[in-house]
Every structure is written in structure tokens, then in C-alpha cells.
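Okay, so here's the structure we're looking at.
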Amino acid sequence: MKLSRLRLLIILLTVAIGLGVFAGGYIALAKGVPSVRELKQYKAIPGTKVYADDDTLIGEFKIEKGVYVPLSRMPKHLVNAVVAVEDSRFWKHKGIDYLAIVRAAVKDLLHVGLKEGGSTITQQLAKITFLTPEKTLQRKVREAALAMKIEKNLSKNEILELYLNRVYLGHGAYGMEMASRIYFGKSVRNITLPEAALLAGLAKAPSTYSPYNNVLKAKERQETVLARMEEEGYIKRSEREKAAKQPLYLSTLRRGQEANNYFLEYVRKYLEEKYGIDMVYKSGLSVYTTLDKRAQATAAWALQEGLREVDKRRGWRGRIDQKDVNAEKELRKKKEEETSGPLIGGTGDLVSGVVLKVGPREAILKARGVVGRLPLENARWAATLIDPKTGKTSHIKNFTLDKVLRVGDVVKVGFRSLKGTTAILTLEQDPEVEGALVALDPNSGFIRAMVGGYDFARSEFNRAAYAKRQPGSAFKPVIYAAAMDNGFTPASIINDERVTYKGGPKGDWTPENYDHIHYGPTRLRDALAYSRNVVTVKLVDAIGVDKVTDFARNIGIEEDFPHNLSIALGSVAVTPLELAESYSVFASGGMKMQPLAVKYVTDAHGRILESNQPEGKQVISPQTAFLITSMMEDVVNYGTGWRAKALGRPVAGKTGTTNDYRDAWFVGYLPDMISAVWVGFDDMRTLGSRETGATAASPIWVDFMRSLDLGDRGFVVPEGIASCSIDPASGLLARDPAAGIMEYFKNGTQPREYSSFPGMRESREPFKLDFD
């Protein structure tokens, strides 16, 4: 009893002394406190707002962090949640809550350590606005002095509005609006009570309570906020219980705000070059772009998933770290948490997980605070090992998980499913390989999607717009289209046989097909479908290099071409955007449309500063455009682009692969959308054997295109096109039309002679060729 009284006396004396020191320090330091006049007069500096094609906001260019939203546009339950958990006496105190300070001091002394805070919302605003985050008595005194000044100059609503727009909430989110977009993919005005409770709980420790870092801690913190709201009378018990049971569906980090970053950076560079930095960041411009939000999000997802698959085929690079873990303790915690209620939903991102237990057919890991199962079938790809230093691969026979994982290993995992407290995981790794995807409306030139790499946070370089790489066979449609303008038809025959060209820059050159086989007399339609190199080289030789390069420049490829036959194999370097622009000429009936990212720009008063209307120029005939489109349809129907048949509708496209598998391409289109996909390493190393355009790039293209609502319109045959039955072996008229195949020609270019062969119908069933 005497000991308890003594301890109480010590606590009271300590608090009294502390308050005395605090008061003295306050008087000494108050004169050095910054003026809060700027807060009273605060107006957000109007940067540039950027809108998608549907006029929804997708980004801002400005000096200040976050997205400023007036308090009147924030839900009442969010305001109540923040006040309840951060500063329940906010509406009563004058900047400093003395009761909270005493309560915190007592708890700290009882627990022999600094565990309690006691800072009011006003003090927190003072700290994040004027002070450094250092934990010193001097800083705390200045914080208190500033808080009292703020309270004298600003109303409670003004203080709350500033705080809610400036508080840091994790993952680069400043303020509630930005946090709502990152965590839930929507504006703060649309969040529910459970979502508001989660956001309010982040202010105390964003990294600790982020659901992306630890699902269980985030859920516990949300329930703490809801309990505080009930205690303060903001919600009823039934509302708390209902809110606590509701799962929260998170926006995946990479598919939320980050999905638009490459396109936004492309627009930002354009604006800075045209208007200057000051006007972009300080004048309140509104920029209305051509971006299709859904297409952009899908493009980012398709590219990331496709690059992960390419990287997995290369092999497992091993763990990323090793930790000392108490596996038994973690597994016991798992059992205790199995009755804790629903967890937070949301899958898609790769996260770090630590191995707690591993057997031949299953491993147990902890990721984002969740203990999950990794079955053998979700990790079989790791049977191929790749040495990160040498790039050499080896294969594990009779693969089991315990041959690649150890307790304490830190690895990347994905959530295959997350229901309640049960998680099924997949073994993953962040890909080293890079890629790009760009999509255009060929009829307007509008850029609908642009993703310049796997992860903007990892690399801001926009490969879709600026990376110049050789297109390989993806350049062949340009050559074959030029041939249609120079006396050739899809039925023209060129003999696929060994040929050597003398006196090249590197000596004699003997071009080879991918499979090193020669196929004899070959129609141009089949030569393009099967991507025959020898026929293409002989075709360029017949047309002339100058005519091919002039044609390429005419449709939008403004590059320095090598003046030799190597252009037949795509030796010129182009960007994905540039190649997509050239193909769009074929898709639009010969019209060249300038790629557009910005539709119009207005100033702060709504005056139009710039308006960009689609402008087209007929650069090739509709007949040439149709013939090459028809030929590329057969690239998909029975040639190297067969994977694009998965769309279940007419598609025109072409694969491309460069020497040593350094680049993989697929460029394809429908009447209303064209997209180009490139896959490769920035340092030009090989993707690996058989990683061609067909295997590495076309699956990404298919995943992207089939998720879009593009109607069912097919390619239209223009006037000036005739069709007739030909003998597929000779390209001449079939003596028996029923035994031939139908071919398209420009009027007046149809064959006049009949084949000397009796004729036979050719099979066009795809062989699922994965080359080129």
C-alpha cells in the first residue's frame, strides 16, 4: 500500500514538474515560432489537372503533394473516424489537450517507457506543416506553441480540412483523397464507413497498418477505430459490428494510380515543351486527353502478367533475402487468428513472404501478415534454375519445394485466393525483362493506352514512346505493302531457295529462314504468313531498297534506314509507338493519322488554349491497305500469329523476333484498335531460346485486346478490289474454280493465265508455329 502511494506521489510530482518545464520552455521558445498567417491565407497552388477521355481526373502536375479536397466534400463518417481515434477532444480543446498529456505521461511512467502520444490534430498539423519529424523536447514545445497559434487564427473546420489534406497515409499518399484512390481506387467522397475507418487508422503509423504490408494489423486497427467511434457516440453498436464484418476490396497498387504514370509522363513532357514549366505547375491548366482508363488499366495488367510469365520460363533466380524467424511462434499465432473474422480482400500484386515451414509438396509462408499455403503445383516453374550472374540454366529432376526453399527464405509470392484467414499462394519473382504496350484508334490517331515498362517506380523510361529497337519480321508487312504498290499481288510467286548476295558490308550474305528449310515456289501471302526470310529478301531486291524505304517513311517510319537488303529482316530501329502508327495506316484504309495524346487544353478560366482535331492524310490507296490487311489476317489464321485467333474474330497482325532472341514483337489490329507489344531487355541480352514474338509478345497482346469492348465490325472490302479462284501452287487462275482458293487483287492485276496444274484446294489449318 505504501509502495503504491509512493509511486502515485512520484507520478504526480513528475507530471507537475513536466508541466512546469513545458510552460517555461513554451515562453522561451514561443517567440521563435513561425507565423501561421500563411495557413490562414492558404490556397492550394493550382497545378495542371489531367483528364481521361471520359473527363475523369487521372492525374495532376503540381508543386504540392496530394489532391486537395474541401472538408465539405469529405464524408462525415471519415471526419468522425479521424477525430475519434486521433483526437477525441478536438472540438473542445484550444490546441493542446492537457488531459491527454497527463494520461499519456501516467501510462508512460507505469509502463516505464515512452508509449503514449497525446498530440492533438492541431499539433500534428503544426508538425507536418512547419517542423521536422525529430523527437526532441524542443520540437514538442515549438509544436505546442504553434498549435495554440493555429487555434487562435483558424476555425476547427479549417484546421481539420488542412490536416485531412496533408497527413501522410502510406505508399506515397498525402491526404485522404490520394489515399482513397490508392487503397480503394475511388474518390474519398465515395468511401464507406469500413473504408473510412481503415484510412483513419493509417495516420498513426502508415507503414505498420497498411493493408498492403500487413492485412491482420490493418484489420485490427480498423476495428480499433470503429470501437472508438462507438465509444464517442458517432455510430451505434450494430453499425460497428456490421462495418467490422464487411470485407474491404483493395485496389491493387500497380493497377491503381500507377497504371497511368507512363502516359501522364508522356503528356507532361509535351506540355512542358509547349507551355513551359511555370505554366504547367502554377497556372491551373486543365488537359483533356485521349486515354481510355479501362484500356490503360488492362494494358498495365496484361504487360505485367506477360512479363512475369516470360521471366518464369527463363528460370528461378532464388530467394531475395534470408531471415531468422521463430516459425513455431508464427504458426501458433496463425491458429489464434483463425477466429478473428474476415480479412481484407484483394489480390494481384507481388509481395514479400517469409518461409515458415517447407515440405516436398507444400510450404507455409507469411506475407502481408497472413499465413498462407504454397502448394507444389503453384511453384513448378522453379524447377528451372538460372544463375543471376552467368545466365546459365539448369533443371531439377523430380522437383519438390524443399529443393529450392528453406525456412527463413524471403521470396516473392502472389495471392491466388484470399478467403477469411486462408490464403493460397503462388511462387513469383519480379521480372528482370522489360516490355511496352501502346494502343491507338487507327481512325482518329487517339492514343488509348500507353505502358512503357513493367513498373514505373522501378524505371520511368517510357519504352513505348522512346525505346528504339529492331522490329525483326514485324517490319515485313511494310515491305509486302510496298510490293502491292509496285506490281506484285498476294498471289505472286517467288522461289524460296538458297541465294547468296556478294559484296555486302560484312562480305557475302546468305539469308536463311528461321527453320533453315527452303520451300520452293511460294506465294507472297504464304511467305508473309509463315514469315519466310529468303522470299522477303528477294522481294526487297526485286522492288528496290529505295522504294521500300520511301514507302516506310510515307506511312510514318522516320528513321535512318540501312541502305541494303538487311531491311528485309527489320534492321531499322523503331519505337513501339512508331510501328503502331505505321500499321494504323493499313487499318484505316490508307489514312495516316497523327498520334494524339491531348485533345484540348484550357486555362484556369476555361478558355481553350489548344484544340487538336484528328487530321488524316491519304498516303496509300485503300486497295493496298486492304490487301496487306487481308494478308496479315492469314498470318493469324494459319501463320505465326495464330495465338491472336483467341479473339474469335478477324484480326490482322504480325510477329517479330530479332537475332539471338533479343526482341520479341506482336503488332495487330481490328478495325477500331491497333496495339503494339514489345518484349526485351534494356541491355540487349537474349530473352532465351524460342522466346519469339509468337511466344513472348502475342499472349500479352491477346490478353489486352480481348478484354476490350470493340464491337464486332470486320474489315470492309473497298471498291477497286476483285477476287477470283487461283491455283495455290502456281498463283494462276484455277482451271476448276471449286478446286482453287479465293484470292484478292486490285482491279486489273488478276492473273490472265490458267494454271497448267489440275489444281487442288490448299489446307490452311494452323500449325501453331512459335517462331518469329
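Every chain in the C-alpha cells has a letter given in the order shown (A, B, ...), and although residue numbers restart at 1 in each chain, ligands are simply numbered from 1 in the order shown.
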Shell around Val67 (chain A) at 8 Å using only C-alpha atoms, local window under 6 positions removed, as a list in words: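 Near Val67 (chain A), the qualifying residues are Asn165, Tyr174, Gly175, Glu177 and Met178 of chain A.
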Mind writing the picked residues with C-alpha atoms as a PDB file, in the first residue's frame?
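Output file result.pdb follows:
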ATOM      1  CA  ASN A 165      -5.359  17.055 -46.946  1.00  0.00           C
ATOM      2  CA  TYR A 174      -0.655  12.601 -48.903  1.00  0.00           C
ATOM      3  CA  GLY A 175      -4.158  13.421 -47.752  1.00  0.00           C
ATOM      4  CA  GLU A 177      -8.252  11.881 -51.402  1.00  0.00           C
ATOM      5  CA  MET A 178      -4.968  10.476 -52.654  1.00  0.00           C
TER       6      MET A 178
END
Members of region 301-438 of chain A assigned helix (DSSP H, G or I) by DSSP, as a VMD selection string: chain A and resid 301 to 314 327 to 337 376 to 378 380 to 383 401 to 403
Go ahead and write the selection's residues with C-alpha atoms as a PDB file, in the first residue's frame.
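Contents of out.pdb, freshly written:
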ATOM      1  CA  TRP A 301      -2.105  -5.698 -66.111  1.00  0.00           C
ATOM      2  CA  ALA A 302      -1.565  -7.635 -69.355  1.00  0.00           C
ATOM      3  CA  LEU A 303       2.018  -6.425 -69.724  1.00  0.00           C
ATOM      4  CA  GLN A 304       2.945  -7.222 -66.123  1.00  0.00           C
ATOM      5  CA  GLU A 305       1.396 -10.683 -66.247  1.00  0.00           C
ATOM      6  CA  GLY A 306       3.023 -11.435 -69.597  1.00  0.00           C
ATOM      7  CA  LEU A 307       6.481 -10.294 -68.475  1.00  0.00           C
ATOM      8  CA  ARG A 308       6.195 -12.420 -65.349  1.00  0.00           C
ATOM      9  CA  GLU A 309       5.444 -15.469 -67.492  1.00  0.00           C
ATOM     10  CA  VAL A 310       8.425 -14.781 -69.772  1.00  0.00           C
ATOM     11  CA  ASP A 311      10.650 -14.368 -66.733  1.00  0.00           C
ATOM     12  CA  LYS A 312       9.407 -17.609 -65.169  1.00  0.00           C
ATOM     13  CA  ARG A 313      10.256 -19.528 -68.338  1.00  0.00           C
ATOM     14  CA  ARG A 314      13.799 -18.226 -68.023  1.00  0.00           C
ATOM     15  CA  ALA A 327       8.409 -20.464 -37.159  1.00  0.00           C
ATOM     16  CA  GLU A 328       6.620 -22.191 -34.266  1.00  0.00           C
ATOM     17  CA  LYS A 329       5.543 -18.849 -32.792  1.00  0.00           C
ATOM     18  CA  GLU A 330       4.238 -17.598 -36.133  1.00  0.00           C
ATOM     19  CA  LEU A 331       2.281 -20.798 -36.731  1.00  0.00           C
ATOM     20  CA  ARG A 332       0.763 -20.591 -33.220  1.00  0.00           C
ATOM     21  CA  LYS A 333      -0.331 -17.019 -33.982  1.00  0.00           C
ATOM     22  CA  LYS A 334      -1.975 -18.318 -37.143  1.00  0.00           C
ATOM     23  CA  LYS A 335      -4.167 -20.685 -35.107  1.00  0.00           C
ATOM     24  CA  GLU A 336      -5.134 -17.889 -32.702  1.00  0.00           C
ATOM     25  CA  GLU A 337      -6.117 -15.639 -35.617  1.00  0.00           C
ATOM     26  CA  LEU A 376       3.814 -27.594 -55.269  1.00  0.00           C
ATOM     27  CA  GLU A 377       1.713 -27.034 -58.412  1.00  0.00           C
ATOM     28  CA  ASN A 378       1.961 -23.248 -57.884  1.00  0.00           C
ATOM     29  CA  ARG A 380       6.678 -25.983 -60.607  1.00  0.00           C
ATOM     30  CA  TRP A 381       8.217 -23.361 -62.876  1.00  0.00           C
ATOM     31  CA  ALA A 382      11.049 -23.005 -60.325  1.00  0.00           C
ATOM     32  CA  ALA A 383      12.369 -26.428 -61.389  1.00  0.00           C
ATOM     33  CA  LEU A 401       9.645 -27.455 -52.880  1.00  0.00           C
ATOM     34  CA  ASP A 402      12.263 -28.360 -50.302  1.00  0.00           C
ATOM     35  CA  LYS A 403      14.877 -28.403 -53.083  1.00  0.00           C
TER      36      LYS A 403
END
Any idea what's packed within 9 Å of Ser187 (chain A), counting only C-alpha atoms, ignoring anything in its chain fewer than 3 positions away? Could you give it as a compact mmCIF listing (two decimals) with all heavy atoms, in the first residue's frame?
# COMPACT_ATOMS: atom_id res chain seq x y z
N MET A 176 -6.37 12.50 -47.62
CA MET A 176 -7.38 11.46 -47.73
C MET A 176 -7.80 11.14 -49.16
O MET A 176 -8.09 9.98 -49.49
CB MET A 176 -8.61 11.86 -46.90
CG MET A 176 -8.36 11.88 -45.40
SD MET A 176 -8.00 10.21 -44.79
CE MET A 176 -7.54 10.58 -43.08
N GLU A 177 -7.84 12.13 -50.02
CA GLU A 177 -8.25 11.88 -51.40
C GLU A 177 -7.27 10.97 -52.12
O GLU A 177 -7.64 9.99 -52.75
CB GLU A 177 -8.40 13.19 -52.17
CG GLU A 177 -8.72 13.06 -53.64
CD GLU A 177 -10.11 12.49 -53.92
OE1 GLU A 177 -10.96 12.50 -53.01
OE2 GLU A 177 -10.34 12.02 -55.05
N MET A 178 -5.99 11.29 -51.99
CA MET A 178 -4.97 10.48 -52.65
C MET A 178 -4.93 9.07 -52.06
O MET A 178 -4.79 8.07 -52.78
CB MET A 178 -3.62 11.15 -52.51
CG MET A 178 -2.53 10.61 -53.42
SD MET A 178 -1.05 11.64 -53.34
CE MET A 178 0.00 10.76 -54.51
N ALA A 179 -5.08 8.98 -50.74
CA ALA A 179 -5.08 7.67 -50.08
C ALA A 179 -6.27 6.84 -50.53
O ALA A 179 -6.15 5.63 -50.78
CB ALA A 179 -5.11 7.85 -48.57
N SER A 180 -7.43 7.46 -50.64
CA SER A 180 -8.63 6.73 -51.08
C SER A 180 -8.44 6.16 -52.48
O SER A 180 -8.84 5.04 -52.77
CB SER A 180 -9.84 7.65 -51.04
OG SER A 180 -11.01 6.96 -51.42
N ARG A 181 -7.80 6.93 -53.33
CA ARG A 181 -7.57 6.45 -54.70
C ARG A 181 -6.57 5.28 -54.72
O ARG A 181 -6.74 4.33 -55.47
CB ARG A 181 -7.05 7.59 -55.58
CG ARG A 181 -8.05 8.72 -55.79
CD ARG A 181 -7.46 9.75 -56.72
NE ARG A 181 -8.28 10.97 -56.76
CZ ARG A 181 -8.00 12.02 -57.53
NH1 ARG A 181 -6.94 12.00 -58.30
NH2 ARG A 181 -8.78 13.08 -57.51
N PHE A 184 -8.37 2.25 -52.47
CA PHE A 184 -9.68 1.75 -52.89
C PHE A 184 -10.03 2.07 -54.35
O PHE A 184 -11.07 1.66 -54.84
CB PHE A 184 -10.78 2.31 -51.98
CG PHE A 184 -10.57 2.00 -50.53
CD1 PHE A 184 -10.43 3.01 -49.59
CD2 PHE A 184 -10.46 0.69 -50.10
CE1 PHE A 184 -10.22 2.73 -48.26
CE2 PHE A 184 -10.25 0.39 -48.76
CZ PHE A 184 -10.13 1.41 -47.85
N ASN A 190 -16.68 8.91 -51.96
CA ASN A 190 -17.47 7.70 -52.20
C ASN A 190 -17.13 6.55 -51.25
O ASN A 190 -17.65 5.45 -51.42
CB ASN A 190 -17.26 7.23 -53.64
CG ASN A 190 -17.75 8.25 -54.66
OD1 ASN A 190 -18.78 8.88 -54.46
ND2 ASN A 190 -17.01 8.41 -55.75
N ILE A 191 -16.29 6.78 -50.25
CA ILE A 191 -15.88 5.67 -49.40
C ILE A 191 -16.96 5.35 -48.36
O ILE A 191 -17.71 6.21 -47.93
CB ILE A 191 -14.53 5.93 -48.70
CG1 ILE A 191 -14.61 7.13 -47.77
CG2 ILE A 191 -13.42 6.08 -49.72
CD1 ILE A 191 -13.36 7.32 -46.93
CA of Leu202 (chain A) to CA of Val355 (chain A), straight-line distance in Å: 27.4 Å
Secondary structure check, strand (DSSP E or B) residues of region 48-218 of chain A, as a PyMOL selection string: chain A and resi 48-51+57-61+168+174
